[in-house]
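Student: Contents of coords_12.cif (mmCIF, C-alpha atoms) are below:
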```cif
data_protein
loop_
_atom_site.group_PDB
_atom_site.id
_atom_site.type_symbol
_atom_site.label_atom_id
_atom_site.label_comp_id
_atom_site.auth_asym_id
_atom_site.auth_seq_id
_atom_site.Cartn_x
_atom_site.Cartn_y
_atom_site.Cartn_z
ATOM 1 C CA MET A 1051 -32.339 10.405 81.020
ATOM 2 C CA ILE A 1052 -29.417 11.029 78.688
ATOM 3 C CA GLU A 1053 -30.684 13.286 75.906
ATOM 4 C CA LEU A 1054 -28.935 12.590 72.631
ATOM 5 C CA GLU A 1055 -31.076 14.813 70.423
ATOM 6 C CA ASP A 1056 -33.557 17.612 71.092
ATOM 7 C CA LEU A 1057 -37.118 16.342 71.429
ATOM 8 C CA PRO A 1058 -39.076 17.681 68.437
ATOM 9 C CA GLU A 1059 -42.638 18.948 68.630
ATOM 10 C CA LEU A 1060 -44.803 15.911 67.942
ATOM 11 C CA HIS A 1061 -48.258 15.471 66.454
ATOM 12 C CA ASP A 1062 -50.793 13.313 68.359
ATOM 13 C CA ALA A 1063 -47.963 11.024 69.464
ATOM 14 C CA VAL A 1064 -48.441 7.461 70.644
ATOM 15 C CA MET A 1065 -45.811 5.737 72.803
ATOM 16 C CA ILE A 1066 -45.210 2.029 72.121
ATOM 17 C CA ALA A 1067 -42.996 0.175 74.585
ATOM 18 C CA ALA A 1068 -41.596 -3.345 74.938
ATOM 19 C CA PHE A 1069 -38.751 -4.832 76.940
ATOM 20 C CA GLU A 1070 -36.544 -7.888 76.701
ATOM 21 C CA GLY A 1071 -36.780 -10.293 79.597
ATOM 22 C CA TRP A 1072 -39.693 -11.643 81.644
ATOM 23 C CA ASN A 1073 -42.311 -9.904 79.463
ATOM 24 C CA ASP A 1074 -40.937 -11.166 76.145
ATOM 25 C CA ALA A 1075 -41.606 -14.847 75.360
ATOM 26 C CA GLY A 1076 -40.254 -15.763 71.957
ATOM 27 C CA GLU A 1077 -38.732 -12.263 71.756
ATOM 28 C CA ALA A 1078 -42.081 -11.382 70.191
ATOM 29 C CA ALA A 1079 -42.700 -8.019 71.873
ATOM 30 C CA SER A 1080 -39.186 -6.589 71.610
ATOM 31 C CA ALA A 1081 -39.096 -7.612 67.934
ATOM 32 C CA VAL A 1082 -42.137 -5.396 67.304
ATOM 33 C CA ILE A 1083 -40.181 -2.327 68.416
ATOM 34 C CA GLU A 1084 -37.251 -3.316 66.202
ATOM 35 C CA HIS A 1085 -39.632 -3.743 63.270
ATOM 36 C CA LEU A 1086 -41.417 -0.428 63.829
ATOM 37 C CA ALA A 1087 -38.118 1.404 64.260
ATOM 38 C CA GLU A 1088 -37.034 0.070 60.867
ATOM 39 C CA VAL A 1089 -40.241 0.658 58.879
ATOM 40 C CA PHE A 1090 -40.820 4.107 60.412
ATOM 41 C CA ASP A 1091 -37.133 5.106 60.109
ATOM 42 C CA ALA A 1092 -37.103 6.087 63.793
ATOM 43 C CA GLU A 1093 -34.159 7.961 65.305
ATOM 44 C CA VAL A 1094 -32.753 7.618 68.815
ATOM 45 C CA VAL A 1095 -33.304 10.777 70.870
ATOM 46 C CA ALA A 1096 -32.568 9.619 74.418
ATOM 47 C CA ALA A 1097 -31.386 6.752 76.599
ATOM 48 C CA LEU A 1098 -31.756 5.969 80.273
ATOM 49 C CA ASP A 1099 -28.511 5.948 82.240
ATOM 50 C CA PRO A 1100 -27.761 2.216 82.693
ATOM 51 C CA GLU A 1101 -25.913 2.916 85.980
ATOM 52 C CA ASP A 1102 -29.250 3.785 87.570
ATOM 53 C CA TYR A 1103 -31.265 0.721 86.611
ATOM 54 C CA TYR A 1104 -29.195 -2.308 85.600
ATOM 55 C CA ASP A 1105 -27.174 -4.994 87.347
ATOM 56 C CA PHE A 1106 -24.252 -5.455 84.979
ATOM 57 C CA GLN A 1107 -23.656 -9.008 86.216
ATOM 58 C CA VAL A 1108 -27.129 -9.833 84.885
ATOM 59 C CA ASN A 1109 -27.111 -7.576 81.799
ATOM 60 C CA ARG A 1110 -23.430 -7.555 80.994
ATOM 61 C CA PRO A 1111 -21.939 -4.874 78.756
ATOM 62 C CA ARG A 1112 -20.546 -6.098 75.459
ATOM 63 C CA VAL A 1113 -17.268 -5.453 73.689
ATOM 64 C CA VAL A 1114 -17.913 -4.382 70.097
ATOM 65 C CA LEU A 1115 -15.719 -3.404 67.168
ATOM 66 C CA GLU A 1116 -16.468 -0.177 65.318
ATOM 67 C CA ASN A 1117 -14.224 1.027 62.499
ATOM 68 C CA GLY A 1118 -11.468 -1.249 63.713
ATOM 69 C CA ARG A 1119 -11.629 0.009 67.313
ATOM 70 C CA ARG A 1120 -12.952 -1.779 70.366
ATOM 71 C CA ARG A 1121 -15.500 -0.124 72.641
ATOM 72 C CA ILE A 1122 -17.911 -1.080 75.415
ATOM 73 C CA SER A 1123 -21.634 -1.132 74.596
ATOM 74 C CA TRP A 1124 -23.815 -0.732 77.698
ATOM 75 C CA ARG A 1125 -27.235 -2.367 77.557
ATOM 76 C CA THR A 1126 -30.010 0.033 78.497
ATOM 77 C CA THR A 1127 -33.362 1.439 77.388
ATOM 78 C CA ARG A 1128 -33.513 3.818 74.426
ATOM 79 C CA VAL A 1129 -36.193 6.191 73.222
ATOM 80 C CA LEU A 1130 -36.720 6.607 69.477
ATOM 81 C CA ILE A 1131 -38.908 9.086 67.606
ATOM 82 C CA ALA A 1132 -40.618 8.543 64.259
ATOM 83 C CA THR A 1133 -42.325 11.442 62.483
ATOM 84 C CA ASN A 1134 -44.299 11.593 59.242
ATOM 85 C CA THR A 1135 -45.430 7.983 59.677
ATOM 86 C CA PRO A 1136 -48.186 6.290 57.630
ATOM 87 C CA LEU A 1137 -50.281 6.324 60.808
ATOM 88 C CA GLY A 1138 -51.012 10.025 60.443
ATOM 89 C CA ARG A 1139 -49.447 10.604 63.857
ATOM 90 C CA ASP A 1140 -45.958 10.563 65.349
ATOM 91 C CA VAL A 1141 -44.598 7.613 67.313
ATOM 92 C CA VAL A 1142 -42.376 7.370 70.387
ATOM 93 C CA LEU A 1143 -40.741 3.926 70.653
ATOM 94 C CA VAL A 1144 -39.307 2.621 73.930
ATOM 95 C CA GLN A 1145 -36.837 -0.192 73.338
ATOM 96 C CA GLY A 1146 -34.839 -1.822 76.072
ATOM 97 C CA VAL A 1147 -34.267 -4.412 78.749
ATOM 98 C CA GLU A 1148 -36.391 -4.880 81.840
ATOM 99 C CA PRO A 1149 -34.526 -2.996 84.607
ATOM 100 C CA SER A 1150 -32.916 -4.781 87.531
ATOM 101 C CA PHE A 1151 -34.001 -2.253 90.165
ATOM 102 C CA ARG A 1152 -35.586 1.184 90.842
ATOM 103 C CA TRP A 1153 -38.613 0.365 88.699
ATOM 104 C CA ARG A 1154 -40.724 3.262 89.969
ATOM 105 C CA ALA A 1155 -38.034 5.816 89.120
ATOM 106 C CA PHE A 1156 -37.596 4.115 85.731
ATOM 107 C CA ALA A 1157 -41.320 4.417 84.953
ATOM 108 C CA ILE A 1158 -41.434 8.019 86.200
ATOM 109 C CA GLU A 1159 -38.597 9.018 83.851
ATOM 110 C CA LEU A 1160 -40.392 7.510 80.868
ATOM 111 C CA MET A 1161 -43.695 9.135 81.820
ATOM 112 C CA GLU A 1162 -42.016 12.515 82.213
ATOM 113 C CA LEU A 1163 -40.720 12.123 78.663
ATOM 114 C CA ALA A 1164 -44.189 11.027 77.487
ATOM 115 C CA GLN A 1165 -45.703 14.171 78.996
ATOM 116 C CA ALA A 1166 -42.973 16.355 77.479
ATOM 117 C CA ALA A 1167 -43.777 14.795 74.084
ATOM 118 C CA ASP A 1168 -47.509 15.322 74.664
ATOM 119 C CA VAL A 1169 -48.169 11.608 74.154
ATOM 120 C CA SER A 1170 -51.911 10.875 73.841
ATOM 121 C CA MET A 1171 -51.727 7.092 74.356
ATOM 122 C CA VAL A 1172 -49.275 4.514 75.694
ATOM 123 C CA ILE A 1173 -49.295 0.988 74.246
ATOM 124 C CA THR A 1174 -47.295 -1.609 76.159
ATOM 125 C CA LEU A 1175 -46.445 -4.928 74.529
ATOM 126 C CA GLY A 1176 -45.757 -8.296 76.089
ATOM 127 C CA ALA A 1177 -45.667 -11.980 75.210
ATOM 128 C CA LEU A 1178 -46.192 -15.009 77.426
ATOM 129 C CA MET A 1179 -45.972 -18.761 76.951
ATOM 130 C CA ALA A 1180 -49.374 -20.437 76.822
ATOM 131 C CA ASP A 1181 -51.192 -23.630 75.833
ATOM 132 C CA VAL A 1182 -51.913 -22.603 72.253
ATOM 133 C CA ALA A 1183 -51.181 -24.294 68.942
ATOM 134 C CA HIS A 1184 -48.533 -22.879 66.618
ATOM 135 C CA SER A 1185 -50.726 -23.744 63.602
ATOM 136 C CA ARG A 1186 -53.572 -21.492 64.708
ATOM 137 C CA PRO A 1187 -53.739 -17.666 64.820
ATOM 138 C CA ILE A 1188 -51.708 -16.301 67.712
ATOM 139 C CA PRO A 1189 -54.144 -14.953 70.338
ATOM 140 C CA VAL A 1190 -53.479 -11.333 71.315
ATOM 141 C CA THR A 1191 -55.265 -9.924 74.346
ATOM 142 C CA ALA A 1192 -55.671 -6.141 74.551
ATOM 143 C CA THR A 1193 -56.938 -4.498 77.755
ATOM 144 C CA SER A 1194 -57.164 -1.022 79.238
ATOM 145 C CA ASP A 1195 -57.989 0.513 82.604
ATOM 146 C CA HIS A 1196 -59.171 3.697 80.875
ATOM 147 C CA GLU A 1197 -62.949 3.619 80.379
ATOM 148 C CA ASP A 1198 -63.136 5.839 77.284
ATOM 149 C CA THR A 1199 -60.308 3.885 75.644
ATOM 150 C CA ARG A 1200 -62.098 0.600 76.311
ATOM 151 C CA HIS A 1201 -65.286 1.863 74.676
ATOM 152 C CA ARG A 1202 -63.471 3.432 71.715
ATOM 153 C CA HIS A 1203 -61.474 0.302 70.872
ATOM 154 C CA ASP A 1204 -63.896 -2.370 72.120
ATOM 155 C CA LEU A 1205 -61.482 -3.603 74.807
ATOM 156 C CA GLU A 1206 -61.910 -5.342 78.130
ATOM 157 C CA MET A 1207 -60.593 -4.361 81.534
ATOM 158 C CA SER A 1208 -57.904 -6.748 82.744
ATOM 159 C CA THR A 1209 -58.898 -9.007 85.639
ATOM 160 C CA TYR A 1210 -55.365 -10.373 86.114
ATOM 161 C CA GLU A 1211 -53.935 -10.484 89.625
ATOM 162 C CA GLY A 1212 -50.407 -11.644 90.333
ATOM 163 C CA PRO A 1213 -46.753 -10.862 89.576
ATOM 164 C CA THR A 1214 -46.155 -8.259 86.881
ATOM 165 C CA GLY A 1215 -43.285 -7.073 84.752
ATOM 166 C CA ILE A 1216 -42.043 -3.627 83.876
ATOM 167 C CA VAL A 1217 -44.753 -3.237 81.206
ATOM 168 C CA GLY A 1218 -47.388 -3.573 83.940
ATOM 169 C CA VAL A 1219 -45.627 -0.959 86.043
ATOM 170 C CA LEU A 1220 -45.306 1.381 83.048
ATOM 171 C CA ALA A 1221 -48.994 0.997 82.157
ATOM 172 C CA ASP A 1222 -49.933 1.839 85.737
ATOM 173 C CA ALA A 1223 -47.596 4.849 85.715
ATOM 174 C CA ALA A 1224 -49.353 6.115 82.562
ATOM 175 C CA THR A 1225 -52.705 5.811 84.322
ATOM 176 C CA GLN A 1226 -51.353 7.714 87.330
ATOM 177 C CA VAL A 1227 -50.374 10.704 85.164
ATOM 178 C CA GLY A 1228 -53.631 10.646 83.191
ATOM 179 C CA VAL A 1229 -52.357 9.181 79.908
ATOM 180 C CA PRO A 1230 -54.642 6.434 78.497
ATOM 181 C CA SER A 1231 -52.829 3.125 78.108
ATOM 182 C CA VAL A 1232 -53.494 -0.183 76.352
ATOM 183 C CA SER A 1233 -51.742 -3.427 77.206
ATOM 184 C CA CYS A 1234 -51.318 -6.015 74.421
ATOM 185 C CA TRP A 1235 -50.120 -9.552 75.145
ATOM 186 C CA ALA A 1236 -49.442 -12.286 72.608
ATOM 187 C CA ALA A 1237 -49.773 -15.948 73.601
ATOM 188 C CA VAL A 1238 -46.762 -17.923 72.321
ATOM 189 C CA PRO A 1239 -46.906 -21.746 72.183
ATOM 190 C CA HIS A 1240 -44.930 -22.847 75.213
ATOM 191 C CA TYR A 1241 -43.331 -25.744 73.307
ATOM 192 C CA ALA A 1242 -41.910 -23.225 70.820
ATOM 193 C CA GLY A 1243 -41.355 -20.193 73.020
ATOM 194 C CA HIS A 1244 -37.618 -20.407 73.595
ATOM 195 C CA SER A 1245 -36.686 -19.208 70.116
ATOM 196 C CA PRO A 1246 -37.815 -16.078 68.250
ATOM 197 C CA SER A 1247 -41.481 -16.232 67.231
ATOM 198 C CA PRO A 1248 -42.118 -14.005 64.182
ATOM 199 C CA LYS A 1249 -45.727 -15.213 64.021
ATOM 200 C CA ALA A 1250 -46.406 -13.702 67.452
ATOM 201 C CA THR A 1251 -44.579 -10.530 66.426
ATOM 202 C CA ALA A 1252 -46.755 -10.244 63.309
ATOM 203 C CA ALA A 1253 -49.877 -10.784 65.433
ATOM 204 C CA LEU A 1254 -48.886 -7.923 67.747
ATOM 205 C CA VAL A 1255 -48.212 -5.642 64.772
ATOM 206 C CA SER A 1256 -51.670 -6.470 63.396
ATOM 207 C CA ARG A 1257 -53.234 -5.655 66.778
ATOM 208 C CA ILE A 1258 -51.488 -2.274 66.792
ATOM 209 C CA GLU A 1259 -52.897 -1.654 63.302
ATOM 210 C CA GLU A 1260 -56.389 -2.250 64.687
ATOM 211 C CA LEU A 1261 -55.841 0.012 67.698
ATOM 212 C CA LEU A 1262 -54.454 2.866 65.603
ATOM 213 C CA ASP A 1263 -56.821 2.203 62.692
ATOM 214 C CA ALA A 1264 -54.009 2.469 60.146
ATOM 215 C CA PRO A 1265 -51.864 0.049 58.103
ATOM 216 C CA ILE A 1266 -48.304 -0.811 59.114
ATOM 217 C CA GLU A 1267 -45.848 -2.330 56.654
ATOM 218 C CA HIS A 1268 -45.181 -5.960 57.605
ATOM 219 C CA GLY A 1269 -42.073 -6.362 55.466
ATOM 220 C CA GLU A 1270 -40.783 -9.929 55.811
ATOM 221 C CA LEU A 1271 -42.717 -10.620 59.013
ATOM 222 C CA ASP A 1272 -45.483 -12.663 57.360
ATOM 223 C CA GLU A 1273 -43.021 -14.707 55.316
ATOM 224 C CA ASP A 1274 -40.916 -15.337 58.442
ATOM 225 C CA ALA A 1275 -44.061 -16.356 60.317
ATOM 226 C CA HIS A 1276 -44.921 -18.969 57.656
ATOM 227 C CA ALA A 1277 -41.351 -20.303 57.733
ATOM 228 C CA TRP A 1278 -41.493 -20.513 61.544
ATOM 229 C CA GLU A 1279 -44.782 -22.420 61.388
ATOM 230 C CA ARG A 1280 -43.399 -24.859 58.808
ATOM 231 C CA GLY A 1281 -40.357 -25.453 60.998
ATOM 232 C CA ILE A 1282 -42.514 -26.267 64.039
ATOM 233 C CA ASP A 1283 -44.678 -28.525 61.823
ATOM 234 C CA GLU A 1284 -41.597 -30.551 60.884
ATOM 235 C CA LEU A 1285 -40.514 -30.748 64.516
ATOM 236 C CA ALA A 1286 -43.953 -31.953 65.627
ATOM 237 C CA GLN A 1287 -44.202 -34.539 62.845
ATOM 238 C CA SER A 1288 -40.913 -36.081 63.924
ATOM 239 C CA ASP A 1289 -42.266 -36.897 67.396
ATOM 240 C CA ALA A 1290 -45.564 -38.773 67.768
ATOM 241 C CA GLU A 1291 -46.181 -37.500 71.309
ATOM 242 C CA VAL A 1292 -45.614 -33.883 70.310
ATOM 243 C CA ALA A 1293 -47.851 -34.298 67.248
ATOM 244 C CA GLU A 1294 -50.632 -35.736 69.409
ATOM 245 C CA TYR A 1295 -50.260 -32.897 71.911
ATOM 246 C CA VAL A 1296 -50.386 -30.248 69.178
ATOM 247 C CA GLU A 1297 -53.508 -31.882 67.738
ATOM 248 C CA SER A 1298 -55.206 -31.701 71.150
ATOM 249 C CA LEU A 1299 -54.328 -27.990 71.407
ATOM 250 C CA GLU A 1300 -55.733 -27.385 67.927
ATOM 251 C CA GLU A 1301 -59.010 -29.096 68.821
ATOM 252 C CA ALA A 1302 -59.306 -27.158 72.081
ATOM 253 C CA GLN A 1303 -58.549 -23.846 70.374
ATOM 254 C CA ASP A 1304 -60.969 -24.511 67.501
ATOM 255 C CA THR A 1305 -63.727 -25.375 69.958
ATOM 256 C CA ALA A 1306 -63.084 -22.275 72.049
ATOM 257 C CA ASP A 1307 -63.172 -20.081 68.938
ATOM 258 C CA LEU A 1308 -66.475 -21.414 67.626
ATOM 259 C CA PRO A 1309 -68.725 -18.898 69.469
ATOM 260 C CA GLU A 1310 -66.750 -16.060 67.872
ATOM 261 C CA ALA A 1311 -67.443 -17.314 64.354
ATOM 262 C CA SER A 1312 -70.841 -15.668 64.118
ATOM 263 C CA GLY A 1313 -71.863 -13.633 61.071
ATOM 264 C CA ASP A 1314 -71.793 -10.394 63.087
ATOM 265 C CA ALA A 1315 -68.276 -11.080 64.393
ATOM 266 C CA ILE A 1316 -66.970 -11.894 60.911
ATOM 267 C CA ALA A 1317 -68.562 -8.742 59.449
ATOM 268 C CA LYS A 1318 -67.078 -6.634 62.244
ATOM 269 C CA GLU A 1319 -63.564 -7.977 61.647
ATOM 270 C CA PHE A 1320 -63.922 -7.428 57.891
ATOM 271 C CA GLU A 1321 -64.931 -3.809 58.443
ATOM 272 C CA LYS A 1322 -61.841 -3.313 60.622
ATOM 273 C CA TYR A 1323 -59.684 -4.777 57.851
ATOM 274 C CA LEU A 1324 -61.172 -2.441 55.247
ATOM 275 C CA ARG A 1325 -60.605 0.611 57.433
ATOM 276 C CA ARG A 1326 -56.964 -0.328 58.054
ATOM 277 C CA ARG A 1327 -56.349 -0.755 54.336
ATOM 278 C CA GLY A 1328 -58.111 2.448 53.380
ATOM 279 C CA THR A 1329 -60.706 0.679 51.220
ATOM 280 C CA ASP A 1330 -63.782 1.173 53.349
ATOM 281 C CA GLU A 1331 -66.086 2.234 50.508
ATOM 282 C CA PRO A 1332 -69.885 1.899 50.350
ATOM 283 C CA GLN A 1333 -70.913 -1.446 48.937
ATOM 284 C CA GLN A 1334 -73.201 -1.459 45.886
#
```
Kindly transcribe the structure held in the file into C-alpha cells.
Tutor:
Amino acid sequence: MIELEDLPELHDAVMIAAFEGWNDAGEAASAVIEHLAEVFDAEVVAALDPEDYYDFQVNRPRVVLENGRRRISWRTTRVLIATNTPLGRDVVLVQGVEPSFRWRAFAIELMELAQAADVSMVITLGALMADVAHSRPIPVTATSDHEDTRHRHDLEMSTYEGPTGIVGVLADAATQVGVPSVSCWAAVPHYAGHSPSPKATAALVSRIEELLDAPIEHGELDEDAHAWERGIDELAQSDAEVAEYVESLEEAQDTADLPEASGDAIAKEFEKYLRRRGTDEPQQ
C-alpha cells in the first residue's frame, strides 16, 4: 500500500468497493464509485502498488499529458476517503481494476486498511449480464453471509456456487476478519451490456441508499438512465426480432414480479422511501 495522505480518524465508516473487469457489466459498478467520489468530494489517501498485482500487458499503462509534459499513468486500485457526508457516517471508497494475480494478498491489504480505519461494514458492488428487459427496473440482488446484517437489512444469504471475481474474494476476506459485508449485484440486459449502463448504476446507488438508510445525491444519473433507455428503445424498434425478444423479456419479468406487488410489499417499500428522504412522519 502506497500511502499518499495520512489516514484520518473516521466515524462509523463504511467501505464501498467496485472493480473494472469481470465484475462490471455495463461499467455499472465502477461508475457508482466514480459517482460517490464526486458527490461526496472524496480524496485519494492511498493506492496499491501496481507492480504487485497487475500484468501490464493486460492493463497497460497510459501516456498522459499534464501541464504540457508527458508522463506514465499506471493503472491500479486507489482508496479514497469522504468525511462529513450526508450519510451521517464517513465513507471509504475502493476504486480500481480487478488484479491479475496475488488476489489473497490484495484482499488482505485492503482489509488491513479497513481495520485501521475501523470500518463497520463492507459493501461490494458488481454487475452481470442477464435476461432482463431494459424497459423495466434493473434488478439488484443484495446478500450477506453475516446473520445480524441479514436480519437488520432484510437480506438473503447467497446460494451461488461457481467462479467468482475479486469482489467475492474481498467479501470473504471481510468475513474472515469479522467485518460484516454486503454484496450487491445489478442485472444488466445482456443485449445492452457492452456499453455503459447508467440505469444499472442508478439502481445500485438506490440500493446503497436503502442499506445505509440515507439519501444520496443522484446528480445526472436519473436523466442519463432515461436517455439510455430511450436509446435502447430506438435500437429495439429498428429490428423486429430484437423488439419481439424484448417484449418476451418484459412479459416474463412482469409475471415474475407479480407476487411482490402485494399491499404489504408496496407499503414496506414506501416506508423505506420515506426514511431515506427524511420525511417519515406520522400519518394523520
Student: Could you tell me which of A:Ala1306, A:Val1147, A:Ala1183, A:Ala1063 comes closest to Ala1293 (chain A) if we count only C-alpha atoms?
Tutor: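 Smallest separation from Ala1293 (chain A) among the options: A:Ala1183.
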Student: What does the distance between CA of Ser1233 (chain A) and CA of Gly1146 (chain A) come to in Å, to one decimal place?
Tutor: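 CA of Gly1146 (chain A) lies 17.0 Å from CA of Ser1233 (chain A).
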Student: Exactly which residues make up the result of the PyMOL selection byres ((chain A and resi 1255) around 9) on this file, given as JSON, numbers by chain?
Tutor: {"A": [1082, 1085, 1086, 1250, 1251, 1252, 1253, 1254, 1256, 1257, 1258, 1259, 1260, 1266, 1268]}
Student: Expressed in Å to a single decimal, how great is the separation between CA of Ser1298 (chain A) and CA of His1184 (chain A)?
Tutor: 12.0 Å
Student: Near region 1198-1206 of chain A, counting only C-alpha atoms, which residues have an atom at most 8 Å away, once you skip same-chain residues fewer than 6 positions from it, shown as number ranges by chain?
Tutor: A: 1192, 1230-1232, 1261
Student: Keeping C-alpha atoms, export the residues of the selection given above as a PDB file, keeping the file's coordinate frame.
Tutor:
```pdb
ATOM      1  CA  ALA A1192     -55.671  -6.141  74.551  1.00  0.00           C
ATOM      2  CA  PRO A1230     -54.642   6.434  78.497  1.00  0.00           C
ATOM      3  CA  SER A1231     -52.829   3.125  78.108  1.00  0.00           C
ATOM      4  CA  VAL A1232     -53.494  -0.183  76.352  1.00  0.00           C
ATOM      5  CA  LEU A1261     -55.841   0.012  67.698  1.00  0.00           C
TER       6      LEU A1261
END
```
Student: Measuring atom to atom with all atoms listed in the file, identify which of A:Thr1174, A:Ser1185, A:Ser1245, A:Gln1107 is nearest to Val1296 (chain A).
Tutor: A:Ser1185
Student: Would you write out, as a CSV table (one decimal) with C-alpha atoms, in the frame of the given file, every residue that the PyMOL selection byres ((chain A and resi 1175) around 9) captures in this file?
Tutor:
```csv
chain,number,residue,atom,x,y,z
A,1066,ILE,CA,-45.2,2.0,72.1
A,1067,ALA,CA,-43.0,0.2,74.6
A,1068,ALA,CA,-41.6,-3.3,74.9
A,1069,PHE,CA,-38.8,-4.8,76.9
A,1073,ASN,CA,-42.3,-9.9,79.5
A,1074,ASP,CA,-40.9,-11.2,76.1
A,1078,ALA,CA,-42.1,-11.4,70.2
A,1079,ALA,CA,-42.7,-8.0,71.9
A,1080,SER,CA,-39.2,-6.6,71.6
A,1082,VAL,CA,-42.1,-5.4,67.3
A,1173,ILE,CA,-49.3,1.0,74.2
A,1174,THR,CA,-47.3,-1.6,76.2
A,1176,GLY,CA,-45.8,-8.3,76.1
A,1177,ALA,CA,-45.7,-12.0,75.2
A,1217,VAL,CA,-44.8,-3.2,81.2
A,1232,VAL,CA,-53.5,-0.2,76.4
A,1233,SER,CA,-51.7,-3.4,77.2
A,1234,CYS,CA,-51.3,-6.0,74.4
A,1235,TRP,CA,-50.1,-9.6,75.1
A,1236,ALA,CA,-49.4,-12.3,72.6
A,1254,LEU,CA,-48.9,-7.9,67.7
```
Student: At what distance in Å, to one decimal, does CA of Asp1304 (chain A) lie from CA of Asp1181 (chain A)?
Tutor: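 Taking CA of Asp1181 (chain A) and CA of Asp1304 (chain A), their separation equals 12.9 Å.
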Student: Go through A:Val1172, A:Val1129, A:Met1161, A:Ala1097 one by one, measure the shortest atom-to-atom distance of each to Asp1195 (chain A) using only C-alpha atoms, and give the residue with the smallest value.
Tutor: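 The shortest atom-to-atom distance to Asp1195 (chain A) comes from A:Val1172.
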Student: Can you give me, as JSON, numbers by chain, the residues this file yields under the PyMOL selection byres ((chain A and resi 1170) around 6)?
Tutor: {"A": [1063, 1064, 1169, 1171]}
